[in-house]
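Chemist: File name start-v2.cif; file contents mmCIF, C-alpha atoms and all ligand atoms; full text below.
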data_structure
#
loop_
_atom_site.label_atom_id
_atom_site.label_comp_id
_atom_site.auth_asym_id
_atom_site.auth_seq_id
_atom_site.Cartn_x
_atom_site.Cartn_y
_atom_site.Cartn_z
CA MET I 444 45.13 -6.84 20.78
CA ALA I 445 42.84 -5.19 23.31
CA ALA I 446 40.05 -5.07 20.72
CA SER I 447 40.07 -8.84 20.14
CA GLY I 448 40.13 -9.37 23.93
CA LYS I 449 36.98 -7.23 24.16
CA LEU I 450 35.42 -9.11 21.25
CA ALA I 451 36.07 -12.42 22.99
CA SER I 452 34.34 -11.12 26.13
CA PHE I 453 30.90 -10.93 24.50
CA ARG I 454 31.13 -14.08 22.34
CA LEU I 455 29.10 -17.00 23.65
CA PRO I 456 30.86 -19.95 25.30
CA PRO I 457 30.62 -23.38 23.58
CA LEU I 458 26.97 -24.53 23.47
CA PRO I 459 25.06 -27.38 21.84
CA THR I 460 24.40 -26.40 18.19
CA VAL I 461 20.93 -25.09 17.31
CA GLY I 462 20.27 -28.43 15.56
CA GLU I 463 21.26 -30.34 18.72
CA LEU I 464 18.99 -28.10 20.83
CA ILE I 465 16.07 -28.79 18.52
CA LYS I 466 16.66 -32.54 19.03
CA LEU I 467 17.31 -32.19 22.77
CA TYR I 468 14.02 -30.38 23.42
CA ASN I 469 12.13 -32.16 20.63
CA LEU I 470 11.28 -28.84 18.95
CA ARG I 471 9.42 -30.05 15.87
CA ALA I 472 8.39 -27.10 13.68
CA GLU I 473 4.65 -26.39 13.98
CA LYS I 474 3.03 -25.95 10.58
CA GLN I 475 0.16 -23.81 11.99
CA LEU I 476 2.71 -21.34 13.40
CA SER I 477 4.60 -21.32 10.04
CA GLN I 478 7.81 -22.19 11.81
CA ASN I 479 10.87 -22.39 9.54
CA PHE I 480 14.19 -22.35 11.34
CA LEU I 481 17.58 -21.00 10.33
CA LEU I 482 20.31 -23.31 11.60
CA ASP I 483 23.23 -21.91 9.59
CA LEU I 484 24.92 -19.34 11.83
CA ARG I 485 26.77 -17.75 8.88
CA LEU I 486 23.37 -16.85 7.48
CA THR I 487 22.01 -15.54 10.80
CA ASP I 488 25.25 -13.50 11.17
CA LYS I 489 24.60 -12.06 7.71
CA ILE I 490 21.05 -11.01 8.70
CA VAL I 491 22.36 -9.39 11.87
CA ARG I 492 25.03 -7.44 9.92
CA GLN I 493 22.22 -5.71 7.99
CA ALA I 494 21.18 -3.99 11.22
CA GLY I 495 24.59 -2.24 11.44
CA SER I 496 26.77 -2.30 14.55
CA LEU I 497 25.11 -3.95 17.54
CA ARG I 498 27.97 -3.19 19.91
CA ASP I 499 26.37 -2.39 23.32
CA ALA I 500 22.96 -2.20 21.65
CA HIS I 501 19.51 -2.96 23.01
CA VAL I 502 17.74 -5.41 20.71
CA CYS I 503 14.22 -6.76 20.59
CA GLU I 504 14.22 -10.05 18.73
CA VAL I 505 10.79 -11.18 17.61
CA GLY I 506 10.15 -14.93 17.37
CA PRO I 507 13.56 -16.30 18.46
CA GLY I 508 12.39 -19.95 18.25
CA PRO I 509 15.39 -22.23 18.81
CA GLY I 510 17.65 -19.17 19.02
CA GLY I 511 19.95 -19.24 15.94
CA LEU I 512 19.47 -15.54 15.18
CA THR I 513 19.64 -14.79 18.92
CA ARG I 514 23.15 -16.30 19.07
CA SER I 515 24.27 -14.06 16.21
CA ILE I 516 22.79 -10.99 17.93
CA LEU I 517 24.63 -11.84 21.17
CA ASN I 518 27.87 -12.59 19.30
CA ALA I 519 27.60 -9.18 17.59
CA GLY I 520 28.00 -7.55 21.01
CA ALA I 521 24.44 -6.56 21.94
CA ALA I 522 24.28 -5.65 25.63
CA ASP I 523 20.55 -6.24 26.19
CA VAL I 524 18.56 -8.69 24.07
CA LEU I 525 14.85 -8.93 24.77
CA VAL I 526 13.31 -11.90 22.97
CA VAL I 527 9.53 -12.23 22.51
CA GLU I 528 8.43 -15.79 21.75
CA LYS I 529 4.87 -17.07 21.56
CA ASP I 530 5.53 -20.81 21.61
CA THR I 531 6.23 -22.16 25.14
CA ARG I 532 8.24 -25.08 23.80
CA PHE I 533 11.17 -22.77 22.99
CA ILE I 534 11.45 -21.20 26.43
CA PRO I 535 13.78 -23.86 28.04
CA GLY I 536 16.24 -23.66 25.11
CA LEU I 537 16.17 -19.87 25.29
CA LYS I 538 16.84 -20.04 29.04
CA LEU I 539 19.93 -22.16 28.34
CA LEU I 540 21.11 -19.47 25.94
CA SER I 541 20.46 -16.68 28.44
CA GLU I 542 22.51 -18.54 31.08
CA ALA I 543 25.39 -18.57 28.60
CA ALA I 544 25.12 -14.77 28.26
CA PRO I 545 24.56 -13.66 31.87
CA GLY I 546 22.69 -10.36 32.26
CA ARG I 547 22.41 -9.84 28.50
CA MET I 548 19.22 -11.65 27.57
CA ARG I 549 15.61 -11.27 28.76
CA ILE I 550 12.87 -13.68 27.72
CA VAL I 551 9.24 -12.68 27.26
CA HIS I 552 6.76 -15.45 26.63
CA GLY I 553 4.14 -13.53 24.66
CA ASP I 554 2.69 -12.35 21.39
CA ILE I 555 4.57 -9.63 19.53
CA LEU I 556 1.29 -8.35 18.07
CA THR I 557 0.16 -7.24 21.54
CA TYR I 558 3.50 -6.82 23.35
CA ARG I 559 4.03 -3.21 24.62
CA MET I 560 7.53 -2.54 23.32
CA ASP I 561 7.34 1.05 24.56
CA ARG I 562 7.69 -0.41 28.08
CA GLY I 563 10.39 -2.97 27.28
CA PHE I 564 13.49 -0.75 27.42
CA PRO I 565 14.88 1.98 29.69
CA VAL I 566 13.61 5.46 28.82
CA ASN I 567 17.16 6.87 28.88
CA ILE I 568 18.07 5.06 25.63
CA SER I 569 15.63 7.37 23.77
CA LYS I 570 16.97 9.84 21.21
CA PRO I 571 15.12 12.90 19.91
CA TRP I 572 13.42 12.06 16.59
CA GLU I 573 15.50 14.63 14.66
CA GLU I 574 18.74 12.98 15.77
CA GLY I 575 20.19 9.67 14.61
CA PRO I 576 18.43 6.37 15.51
CA PRO I 577 18.71 5.22 19.15
CA ASN I 578 20.93 2.23 19.96
CA LEU I 579 17.85 0.00 19.84
CA HIS I 580 17.15 -2.44 17.04
CA VAL I 581 14.23 -4.70 16.25
CA ILE I 582 15.29 -7.86 14.47
CA GLY I 583 13.27 -10.91 13.55
CA ASN I 584 12.72 -13.88 11.32
CA LEU I 585 8.97 -14.11 11.71
CA PRO I 586 6.30 -16.29 10.12
CA PHE I 587 4.92 -14.59 6.98
CA ASN I 588 1.39 -14.51 8.42
CA VAL I 589 2.70 -12.34 11.27
CA SER I 590 5.32 -10.17 9.54
CA THR I 591 2.87 -8.41 7.18
CA PRO I 592 0.23 -7.34 9.79
CA LEU I 593 3.10 -6.49 12.12
CA ILE I 594 4.84 -4.16 9.67
CA ILE I 595 1.52 -2.39 8.99
CA LYS I 596 1.05 -1.92 12.75
CA TRP I 597 4.65 -0.72 13.15
CA LEU I 598 4.31 1.73 10.24
CA GLU I 599 1.35 3.26 12.08
CA ASN I 600 3.43 3.29 15.30
CA MET I 601 6.20 5.02 13.33
CA ALA I 602 3.82 7.73 12.12
CA ASN I 603 2.60 8.26 15.70
CA LYS I 604 6.01 7.79 17.40
CA THR I 605 4.63 5.02 19.59
CA GLY I 606 5.58 1.35 20.24
CA PRO I 607 9.22 0.72 19.18
CA PHE I 608 9.36 4.37 18.02
CA ALA I 609 8.65 5.81 21.45
CA TYR I 610 12.48 5.69 21.77
CA GLY I 611 13.14 7.59 18.51
CA ARG I 612 13.83 6.41 14.96
CA THR I 613 14.36 2.74 15.88
CA GLN I 614 15.60 0.60 12.98
CA LEU I 615 13.91 -2.66 12.01
CA THR I 616 15.52 -5.62 10.25
CA LEU I 617 12.92 -8.23 9.38
CA THR I 618 12.31 -11.12 7.01
CA PHE I 619 9.37 -11.34 4.61
CA GLN I 620 8.22 -13.60 1.85
CA LYS I 621 10.39 -12.52 -1.14
CA GLU I 622 7.39 -11.05 -3.03
CA VAL I 623 6.41 -8.93 -0.01
CA ALA I 624 10.03 -7.73 0.38
CA GLU I 625 9.94 -6.70 -3.29
CA ARG I 626 6.65 -4.86 -2.83
CA LEU I 627 7.98 -3.01 0.21
CA THR I 628 10.89 -1.62 -1.80
CA ALA I 629 9.27 -1.33 -5.27
CA SER I 630 9.82 2.00 -6.99
CA THR I 631 7.30 3.99 -9.04
CA GLY I 632 6.52 2.28 -12.35
CA SER I 633 7.62 -1.18 -11.29
CA LYS I 634 5.37 -4.21 -11.50
CA GLN I 635 5.46 -4.78 -7.73
CA ARG I 636 4.50 -1.20 -6.82
CA SER I 637 1.63 -1.50 -4.34
CA ARG I 638 -0.10 -0.06 -1.30
CA LEU I 639 2.65 -1.50 0.89
CA SER I 640 5.40 0.25 -1.18
CA VAL I 641 3.81 3.66 -0.67
CA MET I 642 2.93 3.16 3.00
CA ALA I 643 6.46 2.03 3.86
CA GLN I 644 8.35 4.51 1.67
CA TYR I 645 6.51 7.64 2.73
CA LEU I 646 7.62 6.95 6.31
CA CYS I 647 11.04 5.36 6.01
CA THR I 648 14.05 4.43 3.98
CA VAL I 649 13.44 0.81 3.03
CA ARG I 650 16.30 -1.43 1.88
CA ASN I 651 15.85 -4.91 0.41
CA CYS I 652 19.12 -6.34 1.77
CA PHE I 653 19.34 -9.85 0.30
CA THR I 654 17.33 -12.93 -0.50
CA ILE I 655 17.59 -16.20 1.41
CA PRO I 656 16.68 -19.25 -0.67
CA GLY I 657 13.87 -21.33 0.84
CA ARG I 658 16.21 -24.33 1.01
CA ALA I 659 18.24 -22.59 3.76
CA PHE I 660 15.33 -23.10 6.21
CA VAL I 661 14.30 -26.19 8.13
CA PRO I 662 11.68 -27.25 7.12
CA LYS I 663 11.95 -25.64 3.68
CA PRO I 664 9.11 -23.13 2.98
CA GLU I 665 7.45 -22.94 -0.46
CA VAL I 666 8.98 -19.51 -1.10
CA ASP I 667 12.25 -17.60 -0.84
CA VAL I 668 12.71 -14.99 1.87
CA GLY I 669 13.80 -11.33 1.70
CA VAL I 670 15.60 -9.50 4.49
CA VAL I 671 14.41 -5.88 4.72
CA ASN I 672 15.82 -2.99 6.75
CA PHE I 673 13.66 0.03 7.70
CA THR I 674 14.98 3.37 9.01
CA PRO I 675 12.28 5.94 9.85
CA LEU I 676 12.66 9.29 8.06
CA VAL I 677 13.11 12.42 10.16
CA GLN I 678 10.27 14.01 8.21
CA PRO I 679 7.58 11.70 6.71
CA GLN I 680 7.07 12.47 3.02
CA ILE I 681 3.35 12.96 3.63
CA GLN I 682 2.25 15.17 6.51
CA GLN I 683 -1.24 13.82 7.09
CA PRO I 684 -2.56 11.39 9.73
CA PHE I 685 -1.60 7.77 9.01
CA LYS I 686 -5.26 6.64 8.81
CA LEU I 687 -6.06 9.28 6.19
CA VAL I 688 -3.02 8.36 4.06
CA GLU I 689 -3.88 4.67 4.44
CA LYS I 690 -7.45 5.32 3.25
CA VAL I 691 -6.37 7.32 0.18
CA VAL I 692 -3.70 4.76 -0.78
CA ARG I 693 -6.02 1.78 -0.19
CA ASN I 694 -8.72 3.30 -2.40
CA ILE I 695 -6.30 4.24 -5.17
CA PHE I 696 -4.67 0.80 -5.27
CA GLN I 697 -7.92 -1.14 -5.24
CA PHE I 698 -7.98 -0.80 -9.04
CA ARG I 699 -4.28 -1.31 -9.78
CA ARG I 700 -4.66 -1.57 -13.55
CA LYS I 701 -7.19 1.25 -14.05
CA HIS I 702 -6.62 5.00 -14.19
CA CYS I 703 -6.02 6.37 -10.72
CA HIS I 704 -9.17 8.55 -10.72
CA LYS I 705 -11.22 5.29 -10.57
CA GLY I 706 -9.91 4.54 -7.08
CA VAL I 707 -10.11 8.21 -6.03
CA GLU I 708 -13.83 8.20 -6.95
CA LYS I 709 -14.46 5.56 -4.31
CA LEU I 710 -13.45 8.01 -1.59
CA PHE I 711 -16.74 9.84 -2.15
CA PRO I 712 -20.44 8.96 -1.77
CA GLU I 713 -22.18 8.32 -5.05
CA ALA I 714 -24.27 11.50 -4.78
CA CYS I 715 -21.23 13.82 -5.03
CA ARG I 716 -18.65 11.43 -6.54
CA ILE I 717 -18.04 13.06 -9.93
CA GLU I 718 -17.67 16.66 -8.71
CA LEU I 719 -15.52 15.84 -5.67
CA THR I 720 -13.23 13.53 -7.66
CA GLN I 721 -12.70 16.27 -10.23
CA GLU I 722 -12.07 18.82 -7.49
CA MET I 723 -9.58 16.53 -5.72
CA MET I 724 -7.65 15.66 -8.90
CA GLN I 725 -7.46 19.33 -9.93
CA LYS I 726 -6.42 20.51 -6.52
CA ALA I 727 -3.71 17.83 -6.38
CA ASP I 728 -2.68 18.59 -9.98
CA VAL I 729 -2.33 14.86 -10.72
CA ASP I 730 -3.08 13.46 -14.17
CA PRO I 731 -6.22 11.33 -13.62
CA ILE I 732 -5.16 8.82 -16.26
CA LEU I 733 -1.96 7.80 -14.51
CA ARG I 734 -2.10 4.19 -13.23
CA PRO I 735 -1.72 3.72 -9.46
CA THR I 736 1.67 2.08 -10.02
CA GLU I 737 2.86 5.21 -11.87
CA LEU I 738 2.16 7.55 -8.95
CA THR I 739 5.18 8.91 -7.09
CA ILE I 740 5.14 9.70 -3.37
CA PRO I 741 4.81 13.46 -4.18
CA HIS I 742 1.71 12.58 -6.29
CA ILE I 743 0.24 10.65 -3.36
CA ARG I 744 1.15 13.50 -1.01
CA ALA I 745 -0.71 15.97 -3.24
CA LEU I 746 -3.72 13.63 -3.35
CA ALA I 747 -3.71 13.09 0.43
CA ASP I 748 -3.43 16.88 1.01
CA ALA I 749 -6.31 17.54 -1.41
CA TYR I 750 -8.45 14.87 0.27
CA ALA I 751 -7.66 16.29 3.73
CA HIS I 752 -8.74 19.73 2.46
CA LEU I 753 -12.07 18.35 1.21
CA CYS I 754 -12.56 16.59 4.55
CA THR I 755 -12.00 19.85 6.41
CA ASN I 756 -14.88 21.36 4.45
CA GLU I 757 -17.07 18.25 4.86
CA PRO I 758 -15.89 16.19 7.89
CA SER I 759 -18.41 13.37 7.26
CA LEU I 760 -16.32 12.36 4.20
CA LEU I 761 -13.61 11.05 6.48
CA SER I 762 -15.76 8.22 7.77
CA TYR I 763 -17.28 7.41 4.37
CA GLU I 764 -16.44 3.91 3.13
CA PHE I 765 -17.45 2.85 -0.36
CA ARG I 766 -18.02 -0.79 0.66
CA GLU I 767 -20.22 0.32 3.57
CA GLU I 768 -22.38 2.35 1.13
CA LEU I 769 -22.74 -0.75 -1.07
CA ARG I 770 -23.70 -2.84 1.95
CA LEU I 771 -26.32 -0.30 3.10
CA LYS I 772 -27.80 -0.05 -0.42
CA HIS I 773 -28.06 -3.79 -0.53
CA LEU I 774 -29.67 -3.94 2.93
CA THR I 775 -32.15 -1.07 2.52
CA GLY I 776 -32.86 -1.26 -1.21
CA GLN I 777 -32.27 2.56 -1.36
CA LYS I 778 -30.62 3.99 -4.47
CA HIS I 779 -28.87 6.82 -2.62
CA ILE I 780 -27.63 6.75 0.95
CA PRO I 781 -27.58 10.25 2.57
CA ILE I 782 -24.01 11.40 3.25
CA ASP I 783 -24.67 12.10 6.97
CA THR I 784 -25.20 8.34 7.42
CA PHE I 785 -21.42 8.08 7.41
CA ILE I 786 -20.77 10.57 10.19
CA ALA I 787 -18.68 8.66 12.74
CA THR I 788 -20.44 8.18 16.05
N1 LIG X 1 14.01 -16.92 14.69
C1 LIG X 1 14.01 -18.36 14.54
C2 LIG X 1 14.91 -18.76 13.40
O1 LIG X 1 15.26 -17.87 12.61
O2 LIG X 1 15.23 -19.94 13.29
C3 LIG X 1 12.59 -18.91 14.35
C4 LIG X 1 11.89 -18.45 13.12
S1 LIG X 1 10.28 -19.08 12.89
C5 LIG X 1 10.00 -18.58 11.20
C6 LIG X 1 9.24 -17.89 13.68
C7 LIG X 1 9.21 -17.89 15.18
O3 LIG X 1 8.29 -16.88 15.59
C8 LIG X 1 8.74 -19.17 15.84
O4 LIG X 1 9.56 -19.45 16.91
C9 LIG X 1 7.32 -18.85 16.30
O5 LIG X 1 6.92 -19.61 17.43
C10 LIG X 1 7.46 -17.39 16.63
N2 LIG X 1 6.18 -16.65 16.57
C11 LIG X 1 5.15 -16.85 15.72
N3 LIG X 1 4.18 -15.96 15.93
C12 LIG X 1 4.61 -15.16 16.94
C13 LIG X 1 4.04 -14.05 17.63
N4 LIG X 1 2.86 -13.58 17.29
N5 LIG X 1 4.75 -13.48 18.62
C14 LIG X 1 5.98 -13.95 18.96
N6 LIG X 1 6.56 -15.01 18.36
C15 LIG X 1 5.89 -15.61 17.36
#
Could you render the structure from this file as structure tokens?
Ligand code: SAM
Modeler:
Amino acid sequence: MAASGKLASFRLPPLPTVGELIKLYNLRAEKQLSQNFLLDLRLTDKIVRQAGSLRDAHVCEVGPGPGGLTRSILNAGAADVLVVEKDTRFIPGLKLLSEAAPGRMRIVHGDILTYRMDRGFPVNISKPWEEGPPNLHVIGNLPFNVSTPLIIKWLENMANKTGPFAYGRTQLTLTFQKEVAERLTASTGSKQRSRLSVMAQYLCTVRNCFTIPGRAFVPKPEVDVGVVNFTPLVQPQIQQPFKLVEKVVRNIFQFRRKHCHKGVEKLFPEACRIELTQEMMQKADVDPILRPTELTIPHIRALADAYAHLCTNEPSLLSYEFREELRLKHLTGQKHIPIDTFIAT
């Protein structure tokens, strides 16, 4: 029975329930911060299980709020839980929780969008990228208006091995509005296939774990919620800089229902649009009449490689933005804007 003795050693002592804490500290959910709390610990345990074993793990929990998910993370055996919470009102309740788990919980009052996670954990927990993920997990039930910009930022960090990925292939387990969770994991040909699907899937294995009905939250949001797990790939499926891939994918998906060459055209200034689009499609060997949603990651890789090749020959292309050309035409009344206008300064 040694194992159960060990298990008991990291379980939290009796505490007021999360609901009681909310009443005790008068923690009304703030609509502007899109706060929706999870009070059912079976559900928070289920989210935490998606991250895999947390025994002795380091965890960064984003937006702990009244601390329901935090309790599940601590009960799962995490050794070091760093919580980042923006709203001051939650800090006293979180302190109570940290006193119940001495030496295992650190509280940062701050904004996860600017927090330097690369400085939050000891360097010696790092694992070489080619090896398995480090024993560091990022877990969070965030507001929807934060989780989408945050995952875009973290995907860029993943590509550059910075932020949470300065320690290696750190896994993320995060909640999103159900539709966003579906887009993140949508496969080629599906209705939800989007820019987000490609950007996430070229860099990591993305798993849509389960859906939480809106009614499980207090107060109840308008939508259901998807729990998504991300594990960075050892080798990204596209070997080009993140910003270049992002630009190609953004342009292709701006006309979701049209043939993909329509979006590709917008990568090039009007003066050389037709020839360069043809050259790029031929070089990539992609059928120009495929719809963006029908493109596989290898198709996008071929397109990104072809675009990178064209940019090597003509570096000013890299800073060209279709919308900027439109804006300049509108401002100056010129029919054609010279290509060197777009050379980055
Ligand atoms: N994790 C808690 C739960 O599951 O009950 C609270 C979830 S609530 C949807 C989101 C939490 O994230 C709130 O506590 C909110 O104050 C916090 N939050 C919102 N924006 C944040 C940001 N930029 N950085 C850190 N925390 C943030």
Chemist: Determine the axis-aligned bounding box of all atoms of ligand LIG 1 (chain X) present in the file, pad each side by 4 Å, and express its centre and edge lengths in Å to one decimal place as lines of an AutoDock Vina configuration file.
Modeler:
center_x = 9.1
center_y = -16.7
center_z = 15.1
size_x = 20.4
size_y = 14.5
size_z = 15.8
Chemist: Identify, counting all atoms listed in the file, the protein, DNA and RNA residues located within 10 Å of ligand LIG 1 (chain X), and give them as a count of residues only.
Modeler: 60
Chemist: I'd like the neighbourhood of I:Ser569 as a PyMOL selection string, where a residue qualifies if any of its atoms comes within 8 Å (using all atoms listed in the file), though same-chain residues fewer than 2 positions away should be ignored.
Modeler: chain I and resi 566-567+571+577+609-611
Chemist: Please provide the set of residues having any atom within 9 Å of I:Tyr750, restricted to all atoms listed in the file, with same-chain residues fewer than 2 positions apart removed, written as a list in words.
Modeler: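 Near neighbours after the sequence-gap exclusion: Leu687, Val691, Leu710, Met723, Ala727, Ala745, Leu746, Ala747, Asp748, His752, Leu753, Cys754, Thr755 and Leu761 of chain I.
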Chemist: If we count only C-alpha atoms and set the cut-off at 10 Å, which residues sit around I:Met724, ignoring sequence neighbours fewer than 3 positions away in its own chain? Please answer as a ChimeraX atom specification.
Modeler: /I:703-704,707-708,719-721,727-731,745-746,749-750
Chemist: Please list as a PyMOL selection string every residue within 8 Å of I:Val524, counting all atoms listed in the file and excluding residues in the same chain fewer than 4 positions away.
Modeler: chain I and resi 501-504+516-517+547-549
Chemist: Residues within 9 Å of I:Ala519, please, as a CSV table (one decimal) with C-alpha atoms, in the frame of the given file. Count all atoms listed in the file; anything in the same chain fewer than 5 positions from it doesn't count.
Modeler:
chain,number,residue,atom,x,y,z
I,450,LEU,CA,35.4,-9.1,21.2
I,453,PHE,CA,30.9,-10.9,24.5
I,454,ARG,CA,31.1,-14.1,22.3
I,488,ASP,CA,25.2,-13.5,11.2
I,491,VAL,CA,22.4,-9.4,11.9
I,492,ARG,CA,25.0,-7.4,9.9
I,496,SER,CA,26.8,-2.3,14.6
I,497,LEU,CA,25.1,-4.0,17.5
I,498,ARG,CA,28.0,-3.2,19.9
I,499,ASP,CA,26.4,-2.4,23.3
I,514,ARG,CA,23.2,-16.3,19.1
Chemist: Pick from I:Ser541, I:Asn578, I:Asn694, I:Gln777: nearest to I:Glu764, with all atoms listed in the file counted?
Modeler: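 Checking each candidate against I:Glu764, we get I:Asn694 as the closest.
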Chemist: Of the residues I:Ala544, I:Ile655, I:Cys715, I:Leu676, which is the one nearest to I:Ala602, using all atoms listed in the file?
Modeler: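 Going through I:Ala544, I:Ile655, I:Cys715, I:Leu676 one by one, the smallest distance to I:Ala602 is for I:Leu676.
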Chemist: For I:Arg650, which residue out of I:Glu718, I:Pro679, I:Ala494, I:Thr631 is the nearest one, using all atoms listed in the file?
Modeler: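 With all atoms listed in the file as the atom set, the closest residue is I:Ala494.
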Chemist: Which one is closest to I:Arg612: I:Ile743, I:Val666, I:Leu646, I:Ile594? Count only C-alpha atoms.
Modeler: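 The closest residue to I:Arg612 is I:Leu646.
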Chemist: One number please: atom CA of I:Glu689 to atom CA of I:Val641, in Å, one decimal.
Modeler: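 Distance between the two atoms: 9.3 Å.
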Chemist: Considering only C-alpha atoms, can you say which of I:Pro735, I:Gly606, I:Pro675, I:Gly632 comes closest to I:Lys705?
Modeler: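 Result for the nearest residue to I:Lys705: I:Pro735.
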Chemist: Can you measure atom CA of I:Leu537 to atom CA of I:Thr674 for me? One decimal in Å is fine.
Modeler: 28.4 Å
Chemist: Provide the atom CA of I:Trp572 to atom CA of I:Ser637 distance in Å, to one decimal place.
Modeler: 27.6 Å
Chemist: With N, CA and C atoms as the atom set, please write stretch 730-747 of chain I from the structure just given, as a compact mmCIF listing (two decimals), in the first residue's frame.
Modeler:
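Below is the file decode_0.txt, written as the result:
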# COMPACT_ATOMS: atom_id res chain seq x y z
N ASP I 730 -2.35 21.72 -57.89
CA ASP I 730 -3.44 22.03 -58.83
C ASP I 730 -4.08 23.37 -58.43
N PRO I 731 -4.02 24.38 -59.30
CA PRO I 731 -4.51 25.71 -58.90
C PRO I 731 -6.01 25.76 -58.64
N ILE I 732 -6.74 24.72 -59.09
CA ILE I 732 -8.19 24.80 -58.86
C ILE I 732 -8.64 24.03 -57.61
N LEU I 733 -7.69 23.58 -56.82
CA LEU I 733 -8.08 23.02 -55.51
C LEU I 733 -8.58 24.17 -54.64
N ARG I 734 -9.55 23.88 -53.75
CA ARG I 734 -10.02 24.91 -52.80
C ARG I 734 -9.05 24.91 -51.61
N PRO I 735 -8.90 26.04 -50.94
CA PRO I 735 -8.00 26.07 -49.78
C PRO I 735 -8.26 24.93 -48.79
N THR I 736 -9.53 24.59 -48.57
CA THR I 736 -9.85 23.54 -47.60
C THR I 736 -9.42 22.15 -48.08
N GLU I 737 -9.11 22.03 -49.39
CA GLU I 737 -8.70 20.72 -49.93
C GLU I 737 -7.19 20.54 -49.90
N LEU I 738 -6.46 21.58 -49.50
CA LEU I 738 -4.99 21.49 -49.51
C LEU I 738 -4.50 20.71 -48.29
N THR I 739 -3.59 19.78 -48.54
CA THR I 739 -2.98 19.03 -47.44
C THR I 739 -1.77 19.83 -46.93
N ILE I 740 -1.20 19.38 -45.81
CA ILE I 740 0.00 20.07 -45.31
C ILE I 740 1.14 19.94 -46.35
N PRO I 741 1.36 18.75 -46.97
CA PRO I 741 2.40 18.70 -48.02
C PRO I 741 2.14 19.70 -49.16
N HIS I 742 0.87 19.93 -49.54
CA HIS I 742 0.58 20.96 -50.55
C HIS I 742 1.06 22.33 -50.06
N ILE I 743 0.71 22.64 -48.81
CA ILE I 743 1.07 23.96 -48.26
C ILE I 743 2.59 24.06 -48.15
N ARG I 744 3.22 22.94 -47.78
CA ARG I 744 4.70 22.95 -47.69
C ARG I 744 5.30 23.30 -49.06
N ALA I 745 4.77 22.63 -50.11
CA ALA I 745 5.29 22.87 -51.46
C ALA I 745 5.08 24.34 -51.85
N LEU I 746 3.92 24.88 -51.47
CA LEU I 746 3.64 26.28 -51.81
C LEU I 746 4.57 27.23 -51.03
N ALA I 747 4.75 26.93 -49.74
CA ALA I 747 5.63 27.79 -48.92
C ALA I 747 7.07 27.72 -49.44
